[in-house]
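For reference, the structure discussed in these notes is given below.
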Amino acid sequence: MNKILFGSDGRLRNGWWILAFVVLLLGSRFAYTPVSHALQQLGVPKDGLEPLRLGFLLLVTWICVRLRREPLSSIGFVLDRRWARELGVGTFFGLATAALAVAMMWSVDGVRLELDPARSLATLTRGAYVFAFVALFEETLFRGFVFQRLVAGTGPWFASVAMGLLFATGHWDNPGMQGATLAWATVELFLGAVLLGLAYLRTRSLAMPIGIHLGWNWTLGHLFGFDVSGFGQAGWFRPLLQDRPEWVTGGSFGPEASIFAVIVDVLLIVVLWKWNGASAWRHARAVPTSATDVARNATSRDDRRRVES
């Protein structure tokens with residue numbers, strides 16, 4: 001029984017930690033649902049509930065890491081200048097790759113863009129707010145505690161594939177998911193999850209995955225006005241899809257069901273793979289397990305950078 005529960009280091013096996021997280025997350029719904037309903041009855045709009053959803057997820061994550069005698073920062077929330085810099089770089093990558101996918105679609109006459117008469121800075125700001133919390137929530141859920149325990153227990157390859165499949169199939173109930181759209185969107189979402197996982201493995205931080213996720217969604221939705229994962233958005237531009245196959249335009253699901261989104265996902269995966277060599281991927285099992293480990297790894301990185309410069 002001890003071998004089933006505990007590893008050679010005497011700590012509870014990673015699989016049991018993942019099970020504990022899932023049980024706590026499901027249990028938190030019994031508190032989240034009445035609290036969210038009460039807030040809505042008090043007049044809090046749907047957008048105003050985004051921090052609440054993230055808060056419950058962080059609470060569940062905090063309970064799990066505290067049981068492991070680790071700080072919440074150990075999952076990738078070391079909020080310093082380096083974190084802010086990686087968030088900015090990730091946001092730029094997300095924005096640039098989304099714009100590239102739209103440019104490729106436009107180049108084959110898949111879409112025409114016209115300015116939306118109802119465009120406003122308020123819409124862009126609201127979009128940034130909503131998608132910031134979407135990115136924070138989904139990256140904490142899919143690249144946070146569970147992903148990191150999978151990496152520690154099974155290695156980065158299995159963890160990336162498993163979470164990629166979970167992320168992709170988790171969108172199957174979204175509007176527009178049928179036929180060819182289902183196939184192309186599933187491939188794109190899987191690759192997107194892999195590159196976001198790789199962004200975490202390269203940096204040992206959630207900053208870059210959050211930034212990429214935010215930049216991608218905001219650019220497609222509130223800058224260019226496309227549907228994002230099947231949900232309509234108000235943007236600065238209004239896209240007019242041309243008479244081309246859905247695997248070119250993405251149809252009502254949005255560009256994430258387009259071959260061009262798949263292409264830019266692959267390009268960004270290659271960039272992240274080549275960035276700083278493959279050593280971070282090979283040593284992905286060395287997940288920081290405490291605040292001391294996080295600080296030690298950060299110091300080592302800073303020392304290497306000083307030597308290289």
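Residues in the structure tokens are numbered from 1 in each chain, the chains being A, B, ... in the order shown, and ligands are numbered from 1 in the order shown.
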
Show me, as a Markdown table, the residues of stretch 54-93 of chain A having an atom within 10 Å of stretch 215-220 of chain A, each with the closest atom pair and its distance in Å, using only C-alpha atoms.
| residue | atom | partner | partner_atom | distance |
| --- | --- | --- | --- | --- |
| A:Leu87 | CA | A:Gly215 | CA | 9.9 |
| A:Gly88 | CA | A:Gly215 | CA | 9.3 |
| A:Val89 | CA | A:Gly215 | CA | 9.8 |
| A:Gly90 | CA | A:Gly215 | CA | 7.5 |
| A:Thr91 | CA | A:Gly215 | CA | 4.5 |
| A:Phe92 | CA | A:Gly215 | CA | 6.5 |
| A:Phe93 | CA | A:Gly215 | CA | 7.2 |

**Asked** Neighbours of A:Val111 within 8 Å (only C-alpha atoms; same-chain residues fewer than 3 positions away dropped), as a ChimeraX atom specification?
**Response** /A:105-106,239-242,249

**Å distance separating atom CA of A:Gly15 from atom CA of A:His213, one decimal place** =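 If I compute the distance from atom CA of A:Gly15 to atom CA of A:His213, I get 27.1 Å.
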
**Message:** Residues within 9 Å of A:Gly254, please, as JSON, numbers by chain. Count only C-alpha atoms; anything in the same chain fewer than 5 positions from it doesn't count.
**Reply:** {"A": [176, 220, 221, 226, 227, 228, 229, 230, 231, 232, 249]}

**Prompt:** Could you name the residues that touch stretch 71-86 of chain A at 6 Å or less, counting only C-alpha atoms, but leaving out those on the same chain fewer than 3 positions away, as a PyMOL selection string?
**Reply:** chain A and resi 62+89-90+144+205-208

Write the residues of the preceding selection, restricted to all heavy atoms, as an mmCIF file, in the first residue's frame.
data_model
loop_
_atom_site.group_PDB
_atom_site.id
_atom_site.type_symbol
_atom_site.label_atom_id
_atom_site.label_comp_id
_atom_site.auth_asym_id
_atom_site.auth_seq_id
_atom_site.Cartn_x
_atom_site.Cartn_y
_atom_site.Cartn_z
ATOM 1 N N TRP A 62 -4.117 26.630 -4.351
ATOM 2 C CA TRP A 62 -3.402 26.987 -3.119
ATOM 3 C C TRP A 62 -3.507 25.879 -2.079
ATOM 4 O O TRP A 62 -2.517 25.543 -1.425
ATOM 5 C CB TRP A 62 -3.959 28.290 -2.563
ATOM 6 C CG TRP A 62 -3.327 28.704 -1.270
ATOM 7 C CD1 TRP A 62 -2.132 29.333 -1.102
ATOM 8 C CD2 TRP A 62 -3.865 28.516 0.040
ATOM 9 N NE1 TRP A 62 -1.883 29.554 0.237
ATOM 10 C CE2 TRP A 62 -2.932 29.057 0.964
ATOM 11 C CE3 TRP A 62 -5.046 27.950 0.521
ATOM 12 C CZ2 TRP A 62 -3.156 29.040 2.345
ATOM 13 C CZ3 TRP A 62 -5.271 27.929 1.893
ATOM 14 C CH2 TRP A 62 -4.332 28.465 2.787
ATOM 15 N N VAL A 89 6.305 39.565 -23.660
ATOM 16 C CA VAL A 89 6.802 38.828 -24.825
ATOM 17 C C VAL A 89 5.739 37.842 -25.316
ATOM 18 O O VAL A 89 5.485 37.724 -26.523
ATOM 19 C CB VAL A 89 8.108 38.090 -24.480
ATOM 20 C CG1 VAL A 89 8.509 37.141 -25.609
ATOM 21 C CG2 VAL A 89 9.226 39.089 -24.217
ATOM 22 N N GLY A 90 5.099 37.146 -24.388
ATOM 23 C CA GLY A 90 4.060 36.196 -24.772
ATOM 24 C C GLY A 90 2.887 36.883 -25.447
ATOM 25 O O GLY A 90 2.360 36.390 -26.453
ATOM 26 N N GLY A 144 -1.123 24.654 -15.025
ATOM 27 C CA GLY A 144 -0.774 24.840 -13.635
ATOM 28 C C GLY A 144 -0.502 23.543 -12.905
ATOM 29 O O GLY A 144 0.282 22.701 -13.367
ATOM 30 N N SER A 205 7.361 29.281 -15.867
ATOM 31 C CA SER A 205 6.485 30.352 -15.414
ATOM 32 C C SER A 205 5.213 30.324 -16.246
ATOM 33 O O SER A 205 5.225 29.897 -17.407
ATOM 34 C CB SER A 205 7.188 31.705 -15.572
ATOM 35 O OG SER A 205 6.283 32.772 -15.382
ATOM 36 N N LEU A 206 4.111 30.787 -15.658
ATOM 37 C CA LEU A 206 2.847 30.867 -16.399
ATOM 38 C C LEU A 206 2.712 32.188 -17.156
ATOM 39 O O LEU A 206 1.737 32.378 -17.878
ATOM 40 C CB LEU A 206 1.663 30.697 -15.446
ATOM 41 C CG LEU A 206 1.482 29.310 -14.832
ATOM 42 C CD1 LEU A 206 0.311 29.311 -13.851
ATOM 43 C CD2 LEU A 206 1.257 28.255 -15.916
ATOM 44 N N ALA A 207 3.694 33.076 -17.010
ATOM 45 C CA ALA A 207 3.584 34.400 -17.618
ATOM 46 C C ALA A 207 3.485 34.332 -19.138
ATOM 47 O O ALA A 207 2.588 34.929 -19.737
ATOM 48 C CB ALA A 207 4.776 35.270 -17.202
ATOM 49 N N MET A 208 4.411 33.623 -19.776
ATOM 50 C CA MET A 208 4.402 33.572 -21.233
ATOM 51 C C MET A 208 3.178 32.841 -21.785
ATOM 52 O O MET A 208 2.553 33.335 -22.743
ATOM 53 C CB MET A 208 5.693 32.949 -21.768
ATOM 54 C CG MET A 208 5.808 33.032 -23.284
ATOM 55 S SD MET A 208 7.410 32.519 -23.937
ATOM 56 C CE MET A 208 8.430 33.884 -23.385
#

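For the pair atom CA of A:Ile259 and atom CA of A:Val187, the separation is 9.3 Å.
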
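Take the candidates A:Gly155, A:Glu256, A:Trp17, A:Leu268 and check each one against A:Val194 using only C-alpha atoms; the shortest distance goes to A:Leu268.
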
**Request:** Just list the residues in stretch 159-269 of chain A DSSP gives strand (DSSP E) on the backbone, as a ChimeraX atom specification.
**Result:** /A:237-241
